[in-house]
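Structure file entry.cif with mmCIF, C-alpha atoms:
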```cif
data_data
loop_
_atom_site.label_atom_id
_atom_site.label_comp_id
_atom_site.auth_asym_id
_atom_site.auth_seq_id
_atom_site.Cartn_x
_atom_site.Cartn_y
_atom_site.Cartn_z
CA MET A 1 4.38 12.67 -14.09
CA ASN A 2 0.77 11.58 -14.01
CA ASN A 3 1.05 8.66 -11.59
CA GLU A 4 2.65 10.35 -8.55
CA TYR A 5 -0.03 9.08 -6.15
CA LYS A 6 -0.34 5.47 -7.27
CA PRO A 7 1.85 3.12 -5.20
CA ILE A 8 4.95 1.92 -7.02
CA GLN A 9 4.17 -1.67 -6.02
CA ASP A 10 1.05 -1.55 -8.22
CA TYR A 11 3.36 -1.22 -11.23
CA TYR A 12 5.57 -4.21 -10.45
CA PRO A 13 5.11 -6.98 -13.03
CA ASP A 14 3.06 -9.92 -11.74
CA GLU A 15 6.09 -12.22 -11.60
CA LEU A 16 7.77 -9.71 -9.24
CA SER A 17 4.76 -9.07 -7.00
CA TYR A 18 5.00 -11.85 -4.42
CA CYS A 19 7.32 -10.24 -1.87
CA TYR A 20 6.12 -10.87 1.68
CA GLY A 21 6.60 -7.22 2.55
CA CYS A 22 5.25 -5.41 -0.48
CA GLY A 23 3.91 -7.91 -3.00
CA ARG A 24 0.33 -7.13 -4.03
CA LEU A 25 -0.14 -10.79 -5.01
CA ASN A 26 0.99 -12.23 -1.66
CA GLU A 27 -2.27 -12.56 0.26
CA HIS A 28 -0.37 -13.42 3.47
CA GLY A 29 2.12 -10.54 3.26
CA HIS A 30 2.09 -6.94 4.42
CA GLN A 31 1.23 -5.51 0.97
CA LEU A 32 3.03 -2.27 1.77
CA LYS A 33 2.29 0.61 -0.63
CA SER A 34 4.91 3.31 -1.24
CA PHE A 35 4.38 6.56 -3.12
CA TRP A 36 5.69 10.12 -3.33
CA ASP A 37 4.78 12.84 -0.85
CA GLY A 38 6.72 15.83 -2.19
CA ASP A 39 10.41 14.93 -2.10
CA GLU A 40 9.89 12.07 0.36
CA THR A 41 8.28 8.70 -0.08
CA ILE A 42 5.56 7.58 2.27
CA ALA A 43 3.82 4.35 3.26
CA ARG A 44 1.45 3.48 6.07
CA PHE A 45 0.93 0.20 7.86
CA THR A 46 -1.09 -0.85 10.89
CA PRO A 47 0.39 -3.86 12.69
CA LYS A 48 -2.01 -6.67 13.54
CA PRO A 49 -2.30 -8.06 17.08
CA TYR A 50 -0.17 -11.06 16.05
CA HIS A 51 2.77 -8.74 15.18
CA ILE A 52 3.55 -8.78 18.91
CA ALA A 53 6.98 -8.83 20.56
CA ILE A 54 5.88 -8.52 24.18
CA PRO A 55 2.41 -7.51 25.37
CA ASN A 56 1.41 -4.15 23.87
CA TYR A 57 4.48 -3.73 21.61
CA VAL A 58 5.32 -4.45 17.98
CA TYR A 59 7.88 -7.10 17.01
CA GLY A 60 11.08 -5.48 15.75
CA GLY A 61 11.43 -7.89 12.84
CA LEU A 62 8.23 -6.47 11.37
CA ILE A 63 9.72 -2.98 11.55
CA ALA A 64 12.88 -4.15 9.77
CA SER A 65 10.75 -5.80 7.09
CA LEU A 66 8.75 -2.62 6.50
CA ILE A 67 11.91 -0.50 6.29
CA ASP A 68 13.40 -3.02 3.86
CA CYS A 69 10.43 -2.96 1.48
CA HIS A 70 9.85 0.77 1.70
CA GLY A 71 13.55 1.21 0.90
CA THR A 72 13.32 -0.85 -2.29
CA GLY A 73 10.10 0.94 -3.23
CA THR A 74 11.81 4.27 -2.62
CA ALA A 75 14.66 3.17 -4.89
CA ALA A 76 12.24 2.35 -7.71
CA LEU A 77 10.35 5.62 -7.28
CA ALA A 78 13.61 7.62 -7.26
CA SER A 79 14.86 5.89 -10.39
CA TYR A 80 11.74 6.62 -12.40
CA ARG A 81 11.75 10.22 -11.21
CA ALA A 82 15.45 10.70 -11.99
CA GLU A 83 14.93 9.40 -15.53
CA GLU A 84 11.69 11.36 -15.92
CA ARG A 85 9.86 8.14 -16.77
CA GLU A 86 6.39 6.96 -15.87
CA PRO A 87 6.33 3.94 -13.51
CA ASP A 88 4.56 1.83 -16.15
CA SER A 89 7.33 2.39 -18.71
CA LEU A 90 9.74 -0.36 -19.72
CA PRO A 91 12.11 -1.70 -18.71
CA PRO A 92 10.75 -1.80 -15.15
CA PHE A 93 12.88 -0.72 -12.21
CA ARG A 94 12.84 -3.41 -9.54
CA PHE A 95 15.26 -3.44 -6.63
CA VAL A 96 16.57 -5.90 -4.06
CA THR A 97 18.24 -5.10 -0.76
CA ALA A 98 22.03 -5.19 -0.60
CA SER A 99 22.28 -3.80 2.93
CA LEU A 100 19.82 -3.02 5.70
CA GLN A 101 20.65 -1.20 8.93
CA VAL A 102 17.93 -0.55 11.50
CA ASP A 103 18.13 1.54 14.64
CA PHE A 104 15.30 1.04 17.11
CA LEU A 105 14.79 4.30 18.99
CA LYS A 106 11.61 3.70 20.99
CA PRO A 107 9.24 0.77 21.53
CA ILE A 108 6.33 0.84 19.10
CA PRO A 109 2.91 0.34 20.68
CA LEU A 110 0.54 -2.17 19.10
CA GLY A 111 -2.61 -0.61 17.68
CA SER A 112 -0.83 2.41 16.20
CA GLU A 113 -0.76 3.20 12.50
CA LEU A 114 2.85 3.42 11.39
CA GLU A 115 4.06 6.04 8.95
CA LEU A 116 7.18 5.30 6.96
CA ARG A 117 9.00 8.18 5.28
CA GLY A 118 11.87 7.73 2.87
CA THR A 119 14.58 10.15 1.79
CA VAL A 120 16.96 9.35 -1.05
CA LEU A 121 20.54 9.89 0.10
CA GLU A 122 22.33 8.68 -3.03
CA ARG A 123 21.54 7.35 -6.49
CA LYS A 124 24.49 6.07 -8.47
CA GLY A 125 24.28 3.59 -11.33
CA ARG A 126 22.22 0.59 -10.23
CA LYS A 127 22.39 1.55 -6.52
CA VAL A 128 20.07 3.73 -4.45
CA VAL A 129 20.69 4.52 -0.78
CA SER A 130 17.78 5.76 1.30
CA GLU A 131 16.97 6.60 4.89
CA ILE A 132 13.62 5.41 6.17
CA SER A 133 11.97 6.63 9.36
CA VAL A 134 9.12 4.83 11.12
CA SER A 135 6.76 6.91 13.25
CA ALA A 136 3.92 5.91 15.56
CA ASN A 137 1.64 8.62 16.89
CA LYS A 138 3.90 11.24 15.21
CA VAL A 139 6.97 10.05 17.15
CA ILE A 140 9.93 8.56 15.25
CA CYS A 141 10.48 5.12 16.76
CA ALA A 142 12.91 3.55 14.28
CA ARG A 143 15.24 4.61 11.51
CA GLY A 144 16.82 2.55 8.82
CA ARG A 145 19.31 2.84 6.01
CA VAL A 146 18.68 0.75 2.93
CA VAL A 147 21.15 0.12 0.13
CA ALA A 148 19.08 -1.17 -2.76
CA VAL A 149 20.47 -2.44 -6.06
CA GLN A 150 18.63 -2.94 -9.28
CA MET A 151 17.55 -6.57 -9.55
CA PRO A 152 19.97 -8.58 -11.68
CA GLU A 153 18.31 -9.96 -14.82
CA ASN A 154 19.37 -13.52 -13.97
CA MET A 155 17.31 -13.61 -10.74
CA LEU A 156 14.16 -14.55 -12.65
CA LYS A 157 15.95 -17.03 -14.88
CA ASN A 158 16.95 -19.12 -11.84
CA ASN A 159 13.33 -19.81 -10.85
#
```
Conversion result in structure tokens:
Amino acid sequence: MNNEYKPIQDYYPDELSYCYGCGRLNEHGHQLKSFWDGDETIARFTPKPYHIAIPNYVYGGLIASLIDCHGTGTAALASYRAEEREPDSLPPFRFVTASLQVDFLKPIPLGSELELRGTVLERKGRKVVSEISVSANKVICARGRVVAVQMPENMLKNN
């Protein structure tokens, strides 16, 4: 595949690119970018000073949001890879979260770049299950499990 190092979010159609966590067209969002690194997916994010929980530490809701979006990005990446398709091929794979579980292992200091790594645990039909780890300063601080399902076609029709 030629596009292994371009973030999957850059391939999402414009009408599906407004997500607060990963939408490239949401100027107020995180604009998370997920791509392959061998058999894992990877994304990086540096929290801003306003992502504060208590002085010097990152708000846990931000971490859950990043795990959520990296999980759906991981699902899309895994689906294209499994079908040996390029990410710009049609129909597009776009996922939504069916379940999100987050375990906070250590407080995350503000000012640290976060590294998210995703591992696909299961891919079956329209469902992809992944485990996402969040590290700060090379220490895993949070882990999440994301069950992502392929976006139902009627979600756009309701807007």
Residue neighbourhood Pro55 in chain A, 12 Å, only C-alpha atoms, exclusion window fewer than 5 positions, as a list in words = Pro49, Tyr50, Pro107, Ile108, Pro109, Leu110 and Gly111 of chain A
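The two atoms in question, CA of Ala148 in chain A and CA of Phe93 in chain A, are spaced 11.3 Å apart.
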CA of Ser65 in chain A and CA of Leu100 in chain A are how many Å apart?
->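 A separation of 9.6 Å between them.
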Selected by the PyMOL selection byres ((chain A and resi 7) around 7) in the shown coordinates: which residues, as a list in words?
-> Tyr5, Lys6, Ile8, Gln9, Asp10, Lys33, Ser34 and Phe35 of chain A
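When only C-alpha atoms are used to measure the gap to Thr41 in chain A, the shortest distance among A:Gln101, A:Asn26, A:Ser89, A:Thr72 belongs to A:Thr72.
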Go through A:Pro13, A:Val58, A:Arg24, A:Ser112 and flag the residue nearest Leu90 in chain A, using all atoms listed in the file for the distances.
->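 Once distances to Leu90 in chain A are computed over all atoms listed in the file, the minimum belongs to A:Pro13.
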Identify which of the residues A:Asp103, A:Glu27, A:Glu153, A:Asp14 lies closest to Glu131 in chain A, counting only C-alpha atoms when measuring atom-to-atom distances.
-> A:Asp103
Of the residues A:Glu113, A:Glu15, A:Glu84, A:Glu122, which is the one nearest to Phe45 in chain A, using only C-alpha atoms?
-> A:Glu113
Matched chain/residue IDs from the PyMOL selection byres ((chain A and resi 123-127) around 12), as an MDAnalysis selection string | chainID A and resid 71:72 74:83 93:99 119:122 128:130 146:152
CA of Leu66 in chain A to CA of Phe104 in chain A, straight-line distance in Å = 13.0 Å
Care to translate the PyMOL selection byres ((chain A and resi 40) around 7) into actual residues of this file, as a ChimeraX atom specification?
-> /A:36-39,41-42,117-119
Using C-alpha atoms, can you write the selected residues to a file as a PDB file, keeping the file's coordinate frame?
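And here's again_33.pdb as it stands now:
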```pdb
ATOM      1  CA  TRP A  36       5.690  10.120  -3.330  1.00  0.00           C
ATOM      2  CA  ASP A  37       4.780  12.840  -0.850  1.00  0.00           C
ATOM      3  CA  GLY A  38       6.720  15.830  -2.190  1.00  0.00           C
ATOM      4  CA  ASP A  39      10.410  14.930  -2.100  1.00  0.00           C
ATOM      5  CA  THR A  41       8.280   8.700  -0.080  1.00  0.00           C
ATOM      6  CA  ILE A  42       5.560   7.580   2.270  1.00  0.00           C
ATOM      7  CA  ARG A 117       9.000   8.180   5.280  1.00  0.00           C
ATOM      8  CA  GLY A 118      11.870   7.730   2.870  1.00  0.00           C
ATOM      9  CA  THR A 119      14.580  10.150   1.790  1.00  0.00           C
TER      10      THR A 119
END
```
Name the closest residue to His70 in chain A among the candidates A:Leu16, A:Val102, A:Val134, A:Ala43; distances are taken between atoms, counting all atoms listed in the file.
->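 With all atoms listed in the file as the atom set, the closest residue is A:Ala43.
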Go through A:Cys69, A:Arg143, A:His51, A:Asn56 and flag the residue nearest Leu32 in chain A, using all atoms listed in the file for the distances.
->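 Between A:Cys69, A:Arg143, A:His51, A:Asn56, the residue approaching Leu32 in chain A most closely is A:Cys69.
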Only N, CA, C and O atoms, as a JSON list (two decimals), in the first residue's frame: that is what I want for range 83-119 of chain A.
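Written out: selection_3.json:
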```json
[["chain", "number", "residue", "atom", "x", "y", "z"],
["A", 83, "GLU", "N", -8.65, -5.65, 3.76],
["A", 83, "GLU", "CA", -9.20, -5.80, 2.41],
["A", 83, "GLU", "C", -8.20, -5.46, 1.32],
["A", 83, "GLU", "O", -8.56, -5.42, 0.15],
["A", 84, "GLU", "N", -6.96, -5.17, 1.73],
["A", 84, "GLU", "CA", -5.90, -4.81, 0.79],
["A", 84, "GLU", "C", -6.35, -3.69, -0.15],
["A", 84, "GLU", "O", -6.12, -3.73, -1.36],
["A", 85, "ARG", "N", -6.96, -2.66, 0.46],
["A", 85, "ARG", "CA", -7.45, -1.50, -0.28],
["A", 85, "ARG", "C", -6.69, -0.26, 0.14],
["A", 85, "ARG", "O", -6.26, -0.14, 1.29],
["A", 86, "GLU", "N", -6.56, 0.67, -0.76],
["A", 86, "GLU", "CA", -5.98, 1.97, -0.45],
["A", 86, "GLU", "C", -7.02, 2.79, 0.33],
["A", 86, "GLU", "O", -8.22, 2.66, 0.08],
["A", 87, "PRO", "N", -6.57, 3.64, 1.24],
["A", 87, "PRO", "CA", -7.51, 4.44, 2.04],
["A", 87, "PRO", "C", -8.36, 5.42, 1.24],
["A", 87, "PRO", "O", -9.37, 5.90, 1.74],
["A", 88, "ASP", "N", -7.96, 5.72, 0.00],
["A", 88, "ASP", "CA", -8.78, 6.64, -0.80],
["A", 88, "ASP", "C", -9.74, 5.89, -1.71],
["A", 88, "ASP", "O", -10.42, 6.50, -2.53],
["A", 89, "SER", "N", -9.85, 4.56, -1.54],
["A", 89, "SER", "CA", -10.77, 3.78, -2.36],
["A", 89, "SER", "C", -12.18, 3.84, -1.79],
["A", 89, "SER", "O", -12.38, 4.10, -0.60],
["A", 90, "LEU", "N", -13.15, 3.60, -2.65],
["A", 90, "LEU", "CA", -14.55, 3.65, -2.25],
["A", 90, "LEU", "C", -15.13, 2.24, -2.19],
["A", 90, "LEU", "O", -14.70, 1.37, -2.93],
["A", 91, "PRO", "N", -16.12, 2.03, -1.35],
["A", 91, "PRO", "CA", -16.68, 2.99, -0.40],
["A", 91, "PRO", "C", -15.74, 3.21, 0.78],
["A", 91, "PRO", "O", -14.95, 2.33, 1.12],
["A", 92, "PRO", "N", -15.82, 4.40, 1.40],
["A", 92, "PRO", "CA", -14.93, 4.70, 2.52],
["A", 92, "PRO", "C", -15.31, 3.92, 3.77],
["A", 92, "PRO", "O", -16.48, 3.63, 4.00],
["A", 93, "PHE", "N", -14.31, 3.56, 4.54],
["A", 93, "PHE", "CA", -14.55, 2.97, 5.86],
["A", 93, "PHE", "C", -14.56, 4.12, 6.86],
["A", 93, "PHE", "O", -13.60, 4.87, 6.99],
["A", 94, "ARG", "N", -15.67, 4.25, 7.59],
["A", 94, "ARG", "CA", -15.77, 5.27, 8.63],
["A", 94, "ARG", "C", -16.47, 4.61, 9.79],
["A", 94, "ARG", "O", -17.51, 3.95, 9.61],
["A", 95, "PHE", "N", -15.92, 4.76, 10.98],
["A", 95, "PHE", "CA", -16.41, 4.05, 12.15],
["A", 95, "PHE", "C", -16.90, 5.00, 13.23],
["A", 95, "PHE", "O", -16.45, 6.15, 13.32],
["A", 96, "VAL", "N", -17.82, 4.49, 14.05],
["A", 96, "VAL", "CA", -18.29, 5.19, 15.25],
["A", 96, "VAL", "C", -18.07, 4.26, 16.43],
["A", 96, "VAL", "O", -17.92, 3.05, 16.27],
["A", 97, "THR", "N", -18.05, 4.82, 17.61],
["A", 97, "THR", "CA", -17.76, 4.05, 18.82],
["A", 97, "THR", "C", -19.02, 3.41, 19.36],
["A", 97, "THR", "O", -20.01, 4.10, 19.61],
["A", 98, "ALA", "N", -18.96, 2.10, 19.57],
["A", 98, "ALA", "CA", -20.06, 1.38, 20.20],
["A", 98, "ALA", "C", -19.80, 1.22, 21.70],
["A", 98, "ALA", "O", -20.73, 1.21, 22.50],
["A", 99, "SER", "N", -18.53, 1.09, 22.07],
["A", 99, "SER", "CA", -18.16, 0.92, 23.47],
["A", 99, "SER", "C", -16.77, 1.48, 23.69],
["A", 99, "SER", "O", -15.89, 1.33, 22.84],
["A", 100, "LEU", "N", -16.59, 2.12, 24.83],
["A", 100, "LEU", "CA", -15.30, 2.71, 25.20],
["A", 100, "LEU", "C", -15.05, 2.42, 26.67],
["A", 100, "LEU", "O", -15.85, 2.77, 27.53],
["A", 101, "GLN", "N", -13.93, 1.76, 26.94],
["A", 101, "GLN", "CA", -13.52, 1.50, 28.32],
["A", 101, "GLN", "C", -12.13, 2.10, 28.50],
["A", 101, "GLN", "O", -11.24, 1.86, 27.68],
["A", 102, "VAL", "N", -11.96, 2.88, 29.54],
["A", 102, "VAL", "CA", -10.67, 3.52, 29.78],
["A", 102, "VAL", "C", -10.20, 3.20, 31.20],
["A", 102, "VAL", "O", -10.97, 3.34, 32.16],
["A", 103, "ASP", "N", -8.95, 2.78, 31.30],
["A", 103, "ASP", "CA", -8.32, 2.57, 32.60],
["A", 103, "ASP", "C", -7.21, 3.60, 32.74],
["A", 103, "ASP", "O", -6.30, 3.65, 31.90],
["A", 104, "PHE", "N", -7.29, 4.42, 33.77],
["A", 104, "PHE", "CA", -6.28, 5.42, 34.05],
["A", 104, "PHE", "C", -5.27, 4.81, 35.01],
["A", 104, "PHE", "O", -5.60, 4.45, 36.13],
["A", 105, "LEU", "N", -4.03, 4.68, 34.56],
["A", 105, "LEU", "CA", -3.01, 3.98, 35.32],
["A", 105, "LEU", "C", -2.12, 4.91, 36.13],
["A", 105, "LEU", "O", -1.69, 4.56, 37.23],
["A", 106, "LYS", "N", -1.82, 6.08, 35.57],
["A", 106, "LYS", "CA", -0.97, 7.07, 36.23],
["A", 106, "LYS", "C", -1.42, 8.46, 35.81],
["A", 106, "LYS", "O", -1.89, 8.63, 34.68],
["A", 107, "PRO", "N", -1.26, 9.45, 36.67],
["A", 107, "PRO", "CA", -1.57, 10.82, 36.26],
["A", 107, "PRO", "C", -0.67, 11.23, 35.09],
["A", 107, "PRO", "O", 0.50, 10.84, 35.04],
["A", 108, "ILE", "N", -1.21, 12.02, 34.18],
["A", 108, "ILE", "CA", -0.46, 12.45, 33.01],
["A", 108, "ILE", "C", -0.07, 13.92, 33.20],
["A", 108, "ILE", "O", -0.93, 14.79, 33.33],
["A", 109, "PRO", "N", 1.24, 14.18, 33.22],
["A", 109, "PRO", "CA", 1.68, 15.56, 33.44],
["A", 109, "PRO", "C", 1.41, 16.45, 32.23],
["A", 109, "PRO", "O", 1.59, 16.04, 31.09],
["A", 110, "LEU", "N", 0.94, 17.67, 32.50],
["A", 110, "LEU", "CA", 0.78, 18.66, 31.43],
["A", 110, "LEU", "C", 2.15, 18.97, 30.84],
["A", 110, "LEU", "O", 3.16, 18.90, 31.53],
["A", 111, "GLY", "N", 2.19, 19.31, 29.57],
["A", 111, "GLY", "CA", 3.43, 19.67, 28.92],
["A", 111, "GLY", "C", 4.13, 18.49, 28.26],
["A", 111, "GLY", "O", 5.16, 18.67, 27.61],
["A", 112, "SER", "N", 3.58, 17.30, 28.40],
["A", 112, "SER", "CA", 4.19, 16.11, 27.80],
["A", 112, "SER", "C", 3.49, 15.77, 26.48],
["A", 112, "SER", "O", 2.27, 15.83, 26.40],
["A", 113, "GLU", "N", 4.28, 15.39, 25.48],
["A", 113, "GLU", "CA", 3.67, 14.86, 24.27],
["A", 113, "GLU", "C", 3.17, 13.46, 24.59],
["A", 113, "GLU", "O", 3.86, 12.67, 25.23],
["A", 114, "LEU", "N", 1.94, 13.18, 24.15],
["A", 114, "LEU", "CA", 1.34, 11.87, 24.38],
["A", 114, "LEU", "C", 1.51, 11.03, 23.12],
["A", 114, "LEU", "O", 1.37, 11.53, 22.01],
["A", 115, "GLU", "N", 1.81, 9.76, 23.32],
["A", 115, "GLU", "CA", 1.87, 8.82, 22.21],
["A", 115, "GLU", "C", 0.77, 7.79, 22.41],
["A", 115, "GLU", "O", 0.70, 7.15, 23.47],
["A", 116, "LEU", "N", -0.08, 7.66, 21.41],
["A", 116, "LEU", "CA", -1.14, 6.66, 21.44],
["A", 116, "LEU", "C", -0.74, 5.54, 20.50],
["A", 116, "LEU", "O", -0.31, 5.79, 19.37],
["A", 117, "ARG", "N", -0.86, 4.31, 20.98],
["A", 117, "ARG", "CA", -0.56, 3.13, 20.16],
["A", 117, "ARG", "C", -1.77, 2.22, 20.18],
["A", 117, "ARG", "O", -2.32, 1.94, 21.25],
["A", 118, "GLY", "N", -2.16, 1.76, 19.00],
["A", 118, "GLY", "CA", -3.32, 0.90, 18.87],
["A", 118, "GLY", "C", -2.95, -0.48, 18.36],
["A", 118, "GLY", "O", -2.12, -0.62, 17.47],
["A", 119, "THR", "N", -3.60, -1.48, 18.94],
["A", 119, "THR", "CA", -3.46, -2.87, 18.51],
["A", 119, "THR", "C", -4.85, -3.41, 18.21],
["A", 119, "THR", "O", -5.76, -3.26, 19.04]]
```
